[in-house]
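Since the structure comes first, as structure tokens, the remarks are kept for the end.
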Amino acid sequence: MAYRVRKVNYCYVTVPSRAGQGAKVLAALKDAGVNLLAFSGFPTKKGKAQLDLIADNMAPLKKAAKKYGWRLSKVKKGFIAQGDDEVGAAHRHIQKLADQKINITAADAVAAGKGRYGMIFWVKAKDYDRAAKALNAK
């Protein structure tokens, strides 16, 4: 039953919603040595996609964005949960926030193999500190 919840910073870049755009951004980040903790991409307004970039260090990400001419959003906050993959692994975090009446803006969870899971999730900025406390996030 070992798990941890971590506070993270992230930003996003908006790209054309076309095949290969995500690969192009990820290749540039790889070449720049940016270590991503998580990545999420989804369509937004007509013909565009948002790529959320959750990095362990924002400085190399910002440097890469400048080099490639990307317009990054302001830095935002979220959470990453990691731990043993077991029945109800994601539920424990969701329930802690529900108990505090904190709405989750978005969440993505996945079994990571070898008995592990991971989840990224976001709450409104006004609820972030309360959520961090409820989750005992470091």
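Identifiers in the structure tokens: chain A, B, ... in order shown; residue index from 1 per chain; ligand index from 1 in order shown.
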
Practice item. Check range 3-138 of chain A with DSSP on the backbone and list each residue it calls strand (DSSP E or B), as a ChimeraX atom specification. Key: /A:3-16,36-43,48-55,72,76-84,104-113,116-123

**Study point:** Expected answer as number ranges by chain: helix (DSSP H, G or I) residues in chain A
**Key:** A: 21-31, 58-68, 89-99, 125-135

Review point. Nearest to Gly78 in chain A among A:Lys7, A:Arg92, A:Lys62, A:Lys30, with distances taken over only C-alpha atoms: which residue is it?
Key: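 Checking each of A:Lys7, A:Arg92, A:Lys62, A:Lys30 against Gly78 in chain A, counting only C-alpha atoms, the winner is A:Lys7.
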
Practice item. Could you tell me which of A:Ala2, A:Ile54, A:Ala64, A:Met119 comes closest to Ala81 in chain A if we count only C-alpha atoms? Key: A:Met119

Exercise for review: Would you mind reading off the distance between CA of Tyr10 in chain A and CA of Met58 in chain A, one decimal, in Å?
Suggested key: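 We find that CA of Tyr10 in chain A and CA of Met58 in chain A lie 7.5 Å from each other.
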
Point to revise | Proximity to Ala28 in chain A - best of A:Trp122, A:Phe79, A:Trp70, A:Tyr117, only C-alpha atoms | key: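 Comparing A:Trp122, A:Phe79, A:Trp70, A:Tyr117 against Ala28 in chain A, the winner is A:Trp70.
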
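Of note, CA of Phe39 in chain A and CA of Gly115 in chain A are spaced 21.0 Å apart.
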
Check your understanding: Suppose you want the space between CA of Leu26 in chain A and CA of Lys45 in chain A; what is it in Å?
Key -> 21.4 Å

Exercise for review: Between A:Leu97, A:Ala125, A:Thr14, A:Asn57, single out the one closest to Arg71 in chain A, counting only C-alpha atoms.
Suggested key: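 Of A:Leu97, A:Ala125, A:Thr14, A:Asn57, the one nearest Arg71 in chain A, counting only C-alpha atoms, is A:Thr14.
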
Exercise for review: Using only C-alpha atoms, determine which residues lie at most 8 Å from Leu36 in chain A, disregarding the query and same-chain residues fewer than 6 positions distant; provide the list as a list in words.
Suggested key: Leu53, Ile54, Ala55 and Asp56 of chain A

Practice item. Between A:Ala134, A:Asp129, A:Ala111, A:Val75, single out the one closest to Ala98 in chain A, counting only C-alpha atoms. Key: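 Answer, going by the shortest atom-to-atom distance: A:Ala134.
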
Point to revise | Neighbour list for Tyr12 in chain A as a ChimeraX atom specification, cut-off 8 Å, only C-alpha atoms, skip fewer than 6 positions in-chain | key: /A:50-53,72-73

Point to revise | Neighbour list for Tyr68 in chain A as a list of chain:residue names, cut-off 12 Å, only C-alpha atoms, skip fewer than 5 positions in-chain | key: A:Val13, A:Lys24, A:Val25, A:Leu26, A:Ala27, A:Ala28, A:Leu29, A:Asp31, A:Ala32, A:Leu61, A:Lys62, A:Lys63

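For the set A:Ser17, A:Asn103, A:Ile80, A:Leu135, the residue with the smallest atom-to-atom gap to Phe121 in chain A is A:Ile80, counting only C-alpha atoms.
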
Neighbours of Gly88 in chain A within 12 Å (only C-alpha atoms; same-chain residues fewer than 4 positions away dropped), as a CSV table (one decimal) with N, CA and C atoms, in the first residue's frame?
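So the final result, stored in selection_5.csv, reads:
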```
chain,number,residue,atom,x,y,z
A,1,MET,N,0.8,-1.2,0.0
A,1,MET,CA,0.0,0.0,0.0
A,1,MET,C,0.9,1.3,0.0
A,83,GLY,N,2.5,4.9,-7.0
A,83,GLY,CA,2.5,3.8,-5.9
A,83,GLY,C,2.2,2.5,-6.5
A,84,ASP,N,1.9,1.6,-5.5
A,84,ASP,CA,1.6,0.2,-5.8
A,84,ASP,C,0.2,0.1,-6.5
A,92,ARG,N,-8.3,6.4,-3.6
A,92,ARG,CA,-7.9,7.0,-2.3
A,92,ARG,C,-7.7,8.5,-2.4
A,93,HIS,N,-7.1,8.9,-3.5
A,93,HIS,CA,-6.8,10.3,-3.7
A,93,HIS,C,-8.0,11.1,-4.0
A,94,ILE,N,-8.8,10.6,-4.9
A,94,ILE,CA,-10.1,11.2,-5.3
A,94,ILE,C,-11.0,11.4,-4.1
A,95,GLN,N,-11.0,10.3,-3.3
A,95,GLN,CA,-11.9,10.4,-2.1
A,95,GLN,C,-11.4,11.4,-1.1
A,109,ALA,N,-5.1,8.5,-15.0
A,109,ALA,CA,-4.4,7.5,-14.3
A,109,ALA,C,-4.1,6.3,-15.2
A,111,ALA,N,-2.1,2.2,-15.1
A,111,ALA,CA,-1.3,1.1,-14.5
A,111,ALA,C,0.1,1.2,-15.3
A,117,TYR,N,1.3,2.2,-10.3
A,117,TYR,CA,0.4,3.0,-11.0
A,117,TYR,C,0.8,4.5,-10.9
```

Exercise for review: Can you pull out every residue within 9 Å of Arg18 in chain A, counting only C-alpha atoms, but drop anything in the same chain fewer than 5 positions away, and send it as a list in words?
Suggested key: Gly47, Lys48 and Ala49 of chain A
